[in-house]
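Printed here is data_37.txt (compact mmCIF, C-alpha atoms):
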# COMPACT_ATOMS: atom_id res chain seq x y z
CA MET A 228 39.46 -62.90 -76.14
CA THR A 229 36.36 -60.76 -76.72
CA SER A 230 33.18 -62.83 -76.73
CA LEU A 231 30.73 -62.99 -79.62
CA ALA A 232 27.93 -61.53 -77.48
CA ARG A 233 30.06 -58.46 -76.70
CA THR A 234 31.23 -57.83 -80.26
CA ALA A 235 27.79 -58.34 -81.83
CA HIS A 236 25.70 -55.27 -82.65
CA PRO A 237 23.75 -54.22 -79.51
CA PHE A 238 20.44 -54.51 -81.38
CA THR A 239 21.27 -58.13 -82.25
CA THR A 240 21.76 -59.27 -78.64
CA GLY A 241 18.62 -57.33 -77.62
CA THR A 242 16.55 -58.87 -80.42
CA VAL A 243 17.72 -62.40 -79.56
CA ALA A 244 16.88 -61.87 -75.86
CA LEU A 245 13.41 -60.52 -76.75
CA ALA A 246 12.83 -63.41 -79.17
CA PHE A 247 13.71 -65.95 -76.46
CA THR A 248 11.31 -64.15 -74.08
CA ALA A 249 8.51 -64.30 -76.66
CA LEU A 250 9.24 -67.98 -77.36
CA ALA A 251 9.05 -68.75 -73.61
CA ILE A 252 5.48 -67.46 -73.67
CA VAL A 253 4.50 -69.13 -76.96
CA VAL A 254 5.96 -72.66 -76.69
CA PRO A 255 4.00 -75.27 -74.70
CA ALA A 256 5.12 -75.69 -71.07
CA PRO A 257 6.71 -77.44 -69.31
CA ALA A 258 8.32 -79.64 -72.04
CA GLY A 259 8.85 -76.81 -74.54
CA THR A 260 10.02 -74.26 -71.96
CA ILE A 261 12.48 -76.74 -70.37
CA VAL A 262 14.06 -77.39 -73.79
CA LEU A 263 14.07 -73.63 -74.49
CA TYR A 264 15.76 -72.95 -71.12
CA ALA A 265 18.48 -75.46 -72.02
CA ILE A 266 18.95 -73.80 -75.44
CA ILE A 267 19.18 -70.32 -73.84
CA CYS A 268 21.80 -71.54 -71.35
CA LEU A 269 23.80 -73.16 -74.16
CA VAL A 270 23.65 -70.09 -76.43
CA ALA A 271 24.62 -67.81 -73.50
CA ILE A 272 27.60 -69.97 -72.52
CA LEU A 273 28.83 -70.44 -76.12
CA THR A 274 28.62 -66.72 -76.94
CA GLY A 275 30.35 -65.56 -73.75
CA ALA A 276 27.27 -64.48 -71.77
CA GLY A 277 27.53 -67.38 -69.30
CA ARG A 278 27.49 -65.00 -66.33
CA GLY A 279 23.80 -64.41 -67.15
CA VAL A 280 23.10 -68.13 -66.62
CA ILE A 281 24.59 -67.98 -63.10
CA LEU A 282 22.78 -64.72 -62.29
CA GLY A 283 19.58 -66.29 -63.63
CA LEU A 284 19.97 -69.26 -61.30
CA VAL A 285 20.44 -66.90 -58.33
CA VAL A 286 17.17 -65.13 -59.23
CA VAL A 287 15.04 -68.16 -60.08
CA ALA A 288 16.21 -70.67 -57.44
CA PRO A 289 14.20 -68.99 -54.61
CA LEU A 290 11.20 -68.73 -56.97
CA TRP A 291 11.43 -72.45 -57.81
CA PHE A 292 11.48 -73.25 -54.08
CA LEU A 293 8.50 -70.96 -53.36
CA LEU A 294 6.54 -72.32 -56.37
CA PHE A 295 7.10 -75.87 -55.16
CA LEU A 296 6.13 -74.96 -51.58
CA MET A 297 3.10 -72.83 -52.52
CA HIS A 298 1.62 -75.11 -55.20
CA GLY A 299 3.23 -78.52 -54.72
CA VAL A 300 3.24 -78.84 -50.92
CA LEU A 301 0.35 -76.50 -49.99
CA GLY A 302 -1.67 -77.00 -53.21
CA ASP A 303 -5.18 -78.46 -53.51
CA SER A 304 -6.19 -82.10 -54.08
CA PRO A 305 -5.91 -84.59 -55.73
CA ARG A 306 -2.79 -85.46 -53.78
CA VAL A 307 -0.20 -88.07 -54.63
CA PRO A 308 2.44 -89.70 -52.38
CA ALA A 309 5.75 -87.82 -52.20
CA PRO A 310 8.98 -89.86 -52.64
CA TRP A 311 10.14 -88.84 -49.12
CA GLY A 312 6.79 -89.55 -47.40
CA GLY A 313 3.71 -87.35 -47.02
CA THR A 314 1.75 -86.12 -50.04
CA LEU A 315 2.03 -83.53 -52.82
CA SER A 316 -0.61 -81.81 -54.93
CA HIS A 317 -0.51 -83.41 -58.40
CA ALA A 318 -1.91 -80.32 -60.18
CA GLY A 319 0.25 -78.06 -58.00
CA VAL A 320 3.50 -79.79 -58.97
CA ALA A 321 2.52 -79.55 -62.66
CA LEU A 322 1.71 -75.84 -62.27
CA ALA A 323 5.01 -75.21 -60.46
CA ALA A 324 6.88 -76.92 -63.33
CA VAL A 325 5.06 -74.79 -65.93
CA GLN A 326 5.66 -71.49 -64.11
CA GLY A 327 9.18 -72.39 -62.97
CA SER A 328 10.49 -73.37 -66.41
CA ARG A 329 8.87 -70.35 -68.10
CA LEU A 330 10.31 -67.91 -65.51
CA ALA A 331 13.74 -69.55 -65.77
CA ALA A 332 13.81 -69.12 -69.56
CA ILE A 333 12.71 -65.46 -69.44
CA VAL A 334 14.99 -64.45 -66.55
CA THR A 335 18.06 -66.17 -68.03
CA ALA A 336 17.51 -64.63 -71.49
CA SER A 337 17.20 -61.13 -70.02
CA LEU A 338 20.11 -61.46 -67.60
CA ALA A 339 22.40 -62.93 -70.26
CA PHE A 340 21.61 -59.86 -72.38
CA ALA A 341 22.11 -57.50 -69.39
CA SER A 342 25.48 -59.11 -68.57
CA VAL A 343 26.93 -58.10 -71.98
CA PHE A 344 25.00 -54.84 -72.42
CA ASP A 345 27.28 -51.86 -73.01
CA PRO A 346 25.28 -48.60 -72.64
CA ASN A 347 27.75 -46.50 -74.66
CA ARG A 348 27.79 -48.92 -77.63
CA PHE A 349 23.99 -49.00 -77.46
CA MET A 350 23.84 -45.18 -77.58
CA GLN A 351 26.20 -45.04 -80.57
CA ALA A 352 24.10 -47.69 -82.34
CA ALA A 353 20.86 -45.84 -81.55
CA ILE A 354 22.25 -42.56 -82.92
CA ALA A 355 23.54 -44.30 -86.06
CA HIS A 356 20.07 -45.81 -86.63
CA ARG A 357 18.45 -42.34 -86.26
CA TRP A 358 16.65 -43.18 -83.01
CA ARG A 359 15.45 -40.22 -80.97
CA PHE A 360 18.50 -38.91 -79.12
CA ASP A 361 16.61 -38.21 -75.88
CA LEU A 362 15.48 -41.86 -75.62
CA ALA A 363 19.02 -43.16 -76.13
CA TYR A 364 20.32 -40.56 -73.64
CA VAL A 365 17.79 -41.67 -71.00
CA VAL A 366 19.02 -45.30 -71.09
CA VAL A 367 22.71 -44.39 -70.87
CA ALA A 368 22.38 -41.51 -68.38
CA THR A 369 20.18 -43.61 -66.08
CA LEU A 370 22.67 -46.47 -65.89
CA ASP A 371 25.48 -43.96 -65.24
CA ALA A 372 23.40 -42.13 -62.60
CA ALA A 373 22.56 -45.41 -60.82
CA GLU A 374 26.26 -46.25 -60.58
CA GLN A 375 27.17 -42.76 -59.28
CA LEU A 376 24.31 -42.78 -56.78
CA THR A 377 25.40 -46.20 -55.46
CA VAL A 378 28.91 -44.85 -54.78
CA HIS A 379 27.45 -41.70 -53.20
CA ALA A 380 25.11 -43.82 -51.01
CA ARG A 381 28.05 -45.92 -49.78
CA ARG A 382 30.08 -42.80 -48.86
CA LEU A 383 27.08 -41.25 -47.13
CA ARG A 384 26.47 -44.41 -45.14
CA GLU A 385 30.07 -44.49 -43.90
CA ALA A 386 29.96 -40.76 -43.08
CA GLN A 387 26.72 -41.15 -41.08
CA ARG A 388 28.12 -44.19 -39.25
CA THR A 389 31.15 -42.21 -38.13
CA ARG A 390 28.66 -39.73 -36.64
CA GLY A 391 27.04 -42.54 -34.63
CA LEU A 392 24.27 -43.75 -36.96
CA ARG A 393 23.34 -47.39 -36.30
CA VAL A 394 22.31 -49.46 -39.33
CA ARG A 395 22.07 -52.81 -37.52
CA GLY A 396 19.88 -53.91 -34.63
CA SER A 397 16.15 -54.00 -33.99
CA LEU A 398 13.53 -53.03 -36.61
CA ALA A 399 13.02 -49.64 -34.90
CA VAL A 400 16.76 -48.88 -35.01
CA ARG A 401 16.96 -49.75 -38.72
CA ILE A 402 13.84 -47.71 -39.59
CA ARG A 403 15.33 -44.69 -37.76
CA ALA A 404 18.44 -44.99 -39.96
CA VAL A 405 16.46 -44.64 -43.21
CA PRO A 406 15.85 -40.83 -43.24
CA ALA A 407 19.51 -40.15 -42.39
CA LEU A 408 20.62 -42.29 -45.34
CA ILE A 409 17.97 -41.41 -47.89
CA LEU A 410 17.05 -37.74 -47.51
CA PRO A 411 20.55 -36.26 -48.05
CA LEU A 412 21.03 -38.61 -51.00
CA ILE A 413 17.83 -37.44 -52.73
CA LEU A 414 18.54 -33.76 -51.99
CA ALA A 415 22.01 -34.11 -53.50
CA SER A 416 20.49 -35.89 -56.53
CA LEU A 417 18.02 -33.05 -57.13
CA THR A 418 20.83 -30.50 -57.00
CA ASP A 419 22.73 -32.70 -59.47
CA ALA A 420 19.66 -32.72 -61.79
CA ASP A 421 19.71 -28.91 -61.67
CA ASP A 422 23.33 -28.89 -62.86
CA ARG A 423 22.55 -31.47 -65.57
CA THR A 424 19.73 -29.25 -66.90
CA LEU A 425 22.19 -26.43 -67.43
CA ALA A 426 24.71 -28.79 -69.06
CA LEU A 427 22.08 -30.22 -71.43
CA GLU A 428 20.81 -26.77 -72.41
CA SER A 429 24.31 -25.44 -73.06
CA ARG A 430 25.14 -28.48 -75.26
CA GLY A 431 22.26 -27.98 -77.67
CA MET A 432 19.90 -30.65 -76.33
CA THR A 433 16.88 -28.68 -77.48
CA ILE A 434 18.12 -28.53 -81.10
CA LYS A 435 16.13 -30.90 -83.30
CA GLY A 436 17.53 -33.05 -86.12
CA PRO A 437 19.81 -36.07 -86.56
CA ARG A 438 23.08 -36.46 -84.62
CA THR A 439 26.31 -38.00 -85.86
CA ALA A 440 27.60 -41.05 -84.03
CA PHE A 441 31.31 -40.82 -83.16
CA ASP A 442 32.02 -44.54 -83.24
CA PRO A 443 28.99 -46.63 -84.26
CA PRO A 444 29.34 -50.42 -83.79
CA PRO A 445 29.44 -52.32 -87.12
CA ASP A 446 26.09 -53.75 -88.21
CA THR A 447 27.21 -56.76 -90.28
CA ARG A 448 25.22 -59.03 -92.60
CA LEU A 449 25.48 -61.75 -89.95
CA ASP A 450 23.93 -59.41 -87.37
CA ARG A 451 21.01 -58.61 -89.65
CA ALA A 452 20.56 -62.30 -90.53
CA ILE A 453 20.46 -63.23 -86.82
CA ARG A 454 17.87 -60.51 -86.11
CA TRP A 455 15.64 -61.63 -88.99
CA GLY A 456 16.10 -65.27 -87.96
CA ALA A 457 15.05 -64.46 -84.38
CA LEU A 458 11.95 -62.63 -85.59
CA LEU A 459 10.98 -65.41 -88.01
CA SER A 460 11.41 -68.10 -85.34
CA VAL A 461 8.92 -66.27 -83.09
CA VAL A 462 6.43 -65.89 -85.97
CA ALA A 463 6.88 -69.58 -86.89
CA ALA A 464 6.32 -70.66 -83.27
CA MET A 465 3.15 -68.56 -83.06
CA VAL A 466 1.78 -70.00 -86.33
CA TRP A 467 2.62 -73.55 -85.20
CA ARG A 468 0.94 -72.96 -81.81
CA VAL A 469 -2.24 -71.53 -83.39
CA ALA A 470 -2.39 -74.31 -86.01
CA ARG A 471 -2.05 -77.11 -83.44
CA MET B 183 11.06 -33.41 -73.88
CA SER B 184 12.35 -30.41 -71.91
CA PRO B 185 15.98 -30.42 -70.71
CA ARG B 186 14.73 -30.17 -67.09
CA LEU B 187 12.65 -33.36 -67.42
CA LEU B 188 15.43 -35.04 -69.36
CA ALA B 189 17.84 -34.24 -66.51
CA LEU B 190 15.35 -35.43 -63.88
CA ILE B 191 14.62 -38.82 -65.50
CA PRO B 192 18.04 -40.48 -64.91
CA VAL B 193 18.22 -39.10 -61.37
CA ALA B 194 14.70 -40.24 -60.45
CA VAL B 195 15.09 -43.69 -61.97
CA ALA B 196 18.44 -44.08 -60.20
CA ILE B 197 16.71 -43.07 -56.93
CA ASN B 198 14.13 -45.83 -57.51
CA LEU B 199 16.83 -48.42 -58.20
CA VAL B 200 19.41 -47.44 -55.56
CA ILE B 201 17.11 -46.65 -52.62
CA GLY B 202 15.41 -49.99 -53.14
CA ARG B 203 18.84 -51.59 -52.69
CA ILE B 204 19.69 -49.52 -49.57
CA VAL B 205 16.43 -50.56 -47.92
CA ALA B 206 17.05 -54.19 -48.85
CA GLU B 207 20.50 -53.97 -47.20
CA LEU B 208 18.84 -52.71 -44.00
CA ALA B 209 16.58 -55.82 -44.16
CA LEU B 210 13.39 -53.79 -43.72
CA PRO B 211 10.01 -55.30 -44.64
CA VAL B 212 9.39 -52.55 -47.23
CA TYR B 213 10.80 -51.67 -50.70
CA LEU B 214 10.73 -47.86 -51.08
CA ASP B 215 11.58 -48.42 -54.75
CA THR B 216 9.00 -45.91 -56.01
CA LEU B 217 10.29 -42.75 -54.29
CA GLY B 218 11.66 -41.38 -57.58
CA THR B 219 8.32 -41.90 -59.34
CA MET B 220 6.42 -40.13 -56.54
CA LEU B 221 8.92 -37.31 -56.40
CA VAL B 222 8.84 -36.57 -60.14
CA SER B 223 5.02 -36.78 -60.22
CA VAL B 224 5.03 -33.99 -57.65
CA LEU B 225 7.90 -31.97 -59.16
CA ALA B 226 7.20 -32.30 -62.89
CA GLY B 227 3.57 -33.46 -63.00
CA LEU B 228 1.77 -36.64 -64.02
CA SER B 229 3.38 -37.12 -67.46
CA GLY B 230 6.86 -37.02 -65.87
CA GLY B 231 5.82 -39.53 -63.20
CA LEU B 232 4.34 -41.93 -65.76
CA LEU B 233 7.53 -41.74 -67.81
CA ILE B 234 9.78 -42.35 -64.78
CA GLY B 235 7.60 -45.26 -63.65
CA THR B 236 7.79 -46.91 -67.06
CA VAL B 237 11.54 -46.37 -67.53
CA SER B 238 12.23 -47.61 -63.96
CA GLN B 239 10.23 -50.76 -64.43
CA VAL B 240 11.79 -51.49 -67.83
CA LEU B 241 15.31 -50.99 -66.47
CA ALA B 242 14.59 -52.97 -63.29
CA ALA B 243 13.24 -55.73 -65.54
CA LEU B 244 16.34 -55.58 -67.73
CA LEU B 245 18.65 -55.89 -64.71
CA GLY B 246 16.56 -58.41 -62.78
CA GLY B 247 14.68 -60.48 -65.38
CA TYR B 248 11.90 -59.33 -67.72
CA VAL B 249 9.21 -61.06 -65.68
CA TRP B 250 8.53 -58.08 -63.38
CA ILE B 251 7.45 -55.94 -66.32
CA ALA B 252 3.84 -56.99 -65.58
CA PHE B 253 3.94 -54.78 -62.46
CA THR B 254 4.39 -51.58 -64.54
CA PRO B 255 0.74 -50.51 -63.95
CA ILE B 256 1.59 -50.21 -60.22
CA GLN B 257 4.15 -47.51 -61.10
CA TRP B 258 1.50 -45.70 -63.18
CA LEU B 259 -1.01 -45.85 -60.31
CA ILE B 260 1.59 -44.40 -57.92
CA ALA B 261 2.33 -41.57 -60.39
CA VAL B 262 -1.38 -40.75 -60.73
CA LEU B 263 -2.06 -40.80 -56.97
CA ALA B 264 1.06 -38.77 -56.12
CA ALA B 265 0.12 -36.14 -58.73
CA VAL B 266 -3.47 -35.95 -57.43
CA ALA B 267 -2.18 -35.70 -53.83
CA ALA B 268 0.16 -32.87 -54.90
CA MET B 269 -2.67 -30.93 -56.60
CA ARG B 270 -4.74 -31.21 -53.42
CA GLY B 271 -1.96 -30.12 -51.08
CA GLY B 272 -1.55 -33.68 -49.80
CA PHE B 273 2.08 -33.18 -48.76
CA ALA B 274 1.47 -30.13 -46.54
CA SER B 275 1.64 -32.10 -43.27
CA SER B 276 2.78 -35.55 -42.12
CA ARG B 277 -0.75 -36.59 -41.22
CA ARG B 278 -2.23 -35.67 -44.63
CA THR B 279 0.68 -37.36 -46.38
CA ALA B 280 0.18 -40.56 -44.36
CA VAL B 281 -3.54 -40.67 -45.29
CA TRP B 282 -2.66 -40.38 -48.99
CA GLY B 283 0.00 -43.05 -48.49
CA VAL B 284 -2.53 -45.48 -46.99
CA MET B 285 -4.94 -44.82 -49.89
CA CYS B 286 -2.15 -45.43 -52.40
CA GLY B 287 -1.15 -48.62 -50.53
CA VAL B 288 -4.68 -50.03 -50.67
CA VAL B 289 -5.11 -49.30 -54.40
CA CYS B 290 -1.64 -50.61 -55.29
CA GLY B 291 -1.95 -53.64 -52.97
CA LEU B 292 -5.21 -54.77 -54.61
CA THR B 293 -3.83 -54.25 -58.13
CA SER B 294 -0.59 -55.97 -57.23
CA ALA B 295 -2.49 -58.94 -55.77
CA PHE B 296 -4.50 -59.26 -58.97
CA ILE B 297 -1.36 -59.20 -61.18
CA SER B 298 0.49 -61.55 -58.85
CA TYR B 299 -2.36 -64.09 -58.87
CA ALA B 300 -3.37 -63.79 -62.54
CA VAL B 301 0.13 -63.71 -64.08
CA TYR B 302 2.40 -65.46 -61.56
CA ARG B 303 -0.09 -67.71 -59.72
CA GLY B 304 0.88 -66.02 -56.43
CA VAL B 305 4.65 -66.47 -56.62
CA SER B 306 6.35 -63.21 -57.57
CA VAL B 307 8.59 -61.00 -55.41
CA SER B 308 10.20 -63.21 -52.74
CA GLY B 309 9.28 -61.15 -49.62
CA VAL B 310 5.56 -60.92 -50.41
CA THR B 311 5.48 -64.54 -51.55
CA ALA B 312 7.03 -65.68 -48.26
CA VAL B 313 4.21 -63.90 -46.36
CA ALA B 314 1.60 -65.38 -48.74
CA THR B 315 3.08 -68.87 -48.26
CA LEU B 316 2.88 -68.45 -44.48
CA LEU B 317 -0.78 -67.39 -44.72
CA ARG B 318 -1.49 -70.30 -47.08
CA SER B 319 0.00 -72.73 -44.55
CA LEU B 320 -2.39 -71.25 -41.95
CA GLY B 321 -5.32 -72.38 -44.12
CA LEU B 322 -6.16 -69.32 -46.26
CA SER B 323 -7.07 -69.94 -49.91
CA LEU B 324 -4.44 -68.90 -52.51
CA PRO B 325 -6.31 -65.75 -53.72
CA ALA B 326 -6.99 -64.67 -50.09
CA ALA B 327 -3.36 -65.28 -49.01
CA VAL B 328 -1.97 -63.33 -51.99
CA THR B 329 -4.39 -60.42 -51.43
CA VAL B 330 -3.71 -60.13 -47.67
CA ALA B 331 0.07 -60.36 -48.19
CA SER B 332 0.08 -57.74 -50.98
CA LEU B 333 -2.22 -55.37 -49.08
CA ALA B 334 -0.20 -55.58 -45.85
CA THR B 335 3.17 -54.95 -47.51
CA ASP B 336 1.91 -52.28 -49.93
CA VAL B 337 0.05 -50.23 -47.31
CA LEU B 338 3.15 -50.17 -45.10
CA ASP B 339 5.50 -49.48 -48.03
CA LYS B 340 3.48 -46.71 -49.70
CA THR B 341 2.65 -44.97 -46.40
CA ILE B 342 6.33 -44.79 -45.45
CA ALA B 343 7.25 -43.72 -49.00
CA PHE B 344 4.65 -40.92 -49.06
CA VAL B 345 5.79 -39.70 -45.60
CA PHE B 346 9.43 -39.60 -46.81
CA VAL B 347 8.50 -37.71 -49.98
CA GLY B 348 6.49 -35.23 -47.86
CA MET B 349 9.45 -34.71 -45.49
CA LEU B 350 11.72 -34.19 -48.47
CA LEU B 351 9.44 -31.72 -50.24
CA ARG B 352 8.99 -29.66 -47.07
CA SER B 353 12.77 -29.54 -46.59
CA LEU B 354 13.59 -28.57 -50.19
CA PRO B 355 15.46 -25.25 -50.53
CA ARG B 356 13.24 -22.43 -51.86
CA ARG B 357 15.63 -22.07 -54.83
CA ILE B 358 14.70 -25.57 -56.07
CA LEU B 359 11.06 -25.52 -54.94
CA GLY B 360 10.53 -22.21 -56.79
CA ARG B 361 11.19 -23.99 -60.11
CA PHE B 362 8.43 -26.54 -59.56
CA PRO B 363 5.02 -24.83 -59.03
CA LEU B 364 3.16 -28.11 -58.39
CA ALA B 365 5.65 -29.09 -55.67
CA ALA B 366 5.20 -25.70 -54.00
CA ARG B 367 1.42 -26.19 -54.14
CA SER B 368 1.70 -29.70 -52.72
CA VAL B 369 3.30 -28.42 -49.51
CA GLY B 370 0.98 -25.40 -49.31
CA ARG B 371 3.50 -22.67 -50.22

Do you think you could lay out the structure here as structure tokens?
Amino acid sequence: MTSLARTAHPFTTGTVALAFTALAIVVPAPAGTIVLYAIICLVAILTGAGRGVILGLVVVAPLWFLLFLMHGVLGDSPRVPAPWGGTLSHAGVALAAVQGSRLAAIVTASLAFASVFDPNRFMQAAIAHRWRFDLAYVVVATLDAAEQLTVHARRLREAQRTRGLRVRGSLAVRIRAVPALILPLILASLTDADDRTLALESRGMTIKGPRTAFDPPPDTRLDRAIRWGALLSVVAAMVWRVAR
Amino acid sequence: MSPRLLALIPVAVAINLVIGRIVAELALPVYLDTLGTMLVSVLAGLSGGLLIGTVSQVLAALLGGYVWIAFTPIQWLIAVLAAVAAMRGGFASSRRTAVWGVMCGVVCGLTSAFISYAVYRGVSVSGVTAVATLLRSLGLSLPAAVTVASLATDVLDKTIAFVFVGMLLRSLPRRILGRFPLAARSVGR
């Protein structure tokens, strides 16, 4: 079954993710940001973007640990007794909770969006909405190029290893491996850019004017209502915060 | 936007994203995730470098959490310094390139420390934060620990990155170098 997050218009998922990010900055922390983090996780799971919640945990767990260590354990006085013995910085623990919950909300919202982001649907939607074609092309072509370059890098690494290149060992050994892995990759990429230039020129990239989208994703009333709702919730949160 | 720049953008941004990953796999204490920005600043000029830096940071933020978007000014600084170095023939020899790399590292390290302290209270990218935590446990104040950690990692990272870009530019085939006058000037041809 196709999830709601994947079938929604690409602008809708993007707007919701941006609205959650803005709310994470506006709502009071840590109470507000903890509740917001829970809401983001719930929305992501219910709409089929649950992978973003797991990816978010992978990103923020080390940051939570470092925040606790840096501010809670090594923070300034006044200090309070820790449950396991020793002491903790009272202000440091509070600061770690504020930063940790805010980062968790922002990272999870963005990664949930990234986990369902389809570059080709986005490009079709951008063309249908009369966005500048070159901007839409940059997003899609970059994601494609990153994937191709990753495959190329893996092949190059195996080829260099068969020629005796060592990629494990002391720091000096690993540093010596870098030019052999990176320089041919960049040279090949620049040659590829040369070919792309020719392809873009021969396909009328320099011609101005609107393009026609082959298969634009449907932009339903529900999509538009969600986008307006997301925008209004951010405005409402800002007004409430200023008025408090 | 010219077709040449439009073709360079995806390649350069992909270089930033993928080379950062390769270096991370080698477990080196550097990032080298700004090579594409430096390269395009030298090949296509400052405006190209600024564009690549912004697109790279936005995409890296999209794929890794929006929080790192605050470090976008670092990409802009790198673009400016690489373009200035290119105009002054800064990539003509390894020694000159290394000097420009150290200068870039100091400027970026100080800016990065400021952003890291002001926005993230010293806890940002895990590697730098681990160094800062170690320094903090040795008795340094939080601002001092963040500054020393950022400076040390950035000077090393940007020096190595500049040296690599210099090596690459000097080894570029004349056919490609001939299409980029600033790049030819940067290596003294």

What are the nearest atom pairs, with distances in Å to one decimal, for all residues of chain A that come at most 6 Å from chain B, using all atoms listed in the file, set out by chain and rising residue number as CSV?
residue,atom,partner,partner_atom,distance
A:Met297,CA,B:Thr315,CA,5.8
A:Val334,CA,B:Gly247,CA,4.2
A:Ser337,CA,B:Gly247,CA,5.3
A:Leu338,CA,B:Gly247,CA,5.9
A:Ala368,CA,B:Pro192,CA,5.7
A:Thr369,CA,B:Pro192,CA,4.0
A:Ala372,CA,B:Ala196,CA,5.8
A:Ala373,CA,B:Ala196,CA,4.4
A:Ala420,CA,B:Ala189,CA,5.3
A:Arg423,CA,B:Ala189,CA,5.5
A:Thr424,CA,B:Arg186,CA,5.1

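Nearest residue to Arg357 (chain A) among A:Pro443, A:Pro406, A:Pro437, A:Gly283 is A:Pro437, counting all atoms listed in the file.
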
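Using all atoms listed in the file for every distance, the candidate list A:Ile266, A:Ile261, A:Ala341, A:Leu383 yields A:Ile261 as the residue closest to Ala324 (chain A).
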
>> Is it possible to get the residues within 12 Å of (18.4, -41.6, -92.4) (coordinates as in the file, counting all atoms listed in the file) written as a list of chain:residue names?
In response: A:Ala353, A:Ile354, A:Ala355, A:His356, A:Arg357, A:Trp358, A:Arg359, A:Gly436, A:Pro437, A:Arg438, A:Thr439

> Between CA of Ala407 (chain A) and CA of Ala264 (chain B), what is the spacing in Å?
Replying inline: 23.0 Å

> Hey, can you pull every residue with an atom no more than 9 Å from (8.3, -63.6, -79.0), using only C-alpha atoms, and send it as a PyMOL selection string?
Replying inline: chain A and resi 245-253+457-458+460-462+464-465

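Considering the residues B:Gly227, B:Gly202, B:Gly287, B:Gly360 and counting all atoms listed in the file, Leu333 (chain B) has its shortest atom-to-atom contact with B:Gly287.
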
>> I want to know what sits within 12 Å of Leu228 (chain B), based on all atoms listed in the file, with residues of the same chain fewer than 2 positions away left out; could you give that as number ranges by chain?
In response: B: 187, 219-226, 230-235, 257-269, 364-365

> At what distance in Å, to one decimal, does CA of Val345 (chain B) lie from CA of Val310 (chain B)?
Replying inline: 21.8 Å

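From CA of Val337 (chain B) back to CA of Val288 (chain B), the distance works out to 5.8 Å.
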
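In this comparison, which uses all atoms listed in the file, the residue of B:Leu214, B:Val313, B:Val240, B:Cys290 approaching Asp339 (chain B) most closely is B:Leu214.
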
Would you compute the box with edges along x, y and z of the file around region 416-422 of chain A, including every atom the file lists for it and 4 Å extra on each side, and give its centre and edge lengths in Å to one decimal, as JSON?
{"center_x": 20.7, "center_y": -32.4, "center_z": -59.7, "size_x": 13.3, "size_y": 15.0, "size_z": 14.3}

>> Taking 4 positions as the minimum chain separation for residues in the same chain, which residues sit within 7 Å of Val307 (chain A) when counting all atoms listed in the file? Answer as an NGL selection string.
In response: :A and (314-317)

With C-alpha atoms retained, write the just-selected residues as a CSV table (one decimal), in the frame of the given file.
chain,number,residue,atom,x,y,z
A,314,THR,CA,1.8,-86.1,-50.0
A,315,LEU,CA,2.0,-83.5,-52.8
A,316,SER,CA,-0.6,-81.8,-54.9
A,317,HIS,CA,-0.5,-83.4,-58.4

> Between A:His236, A:Arg382, A:Arg278, A:His298, which is the closest to Ala336 (chain A) once you count only C-alpha atoms?
Replying inline: A:Arg278
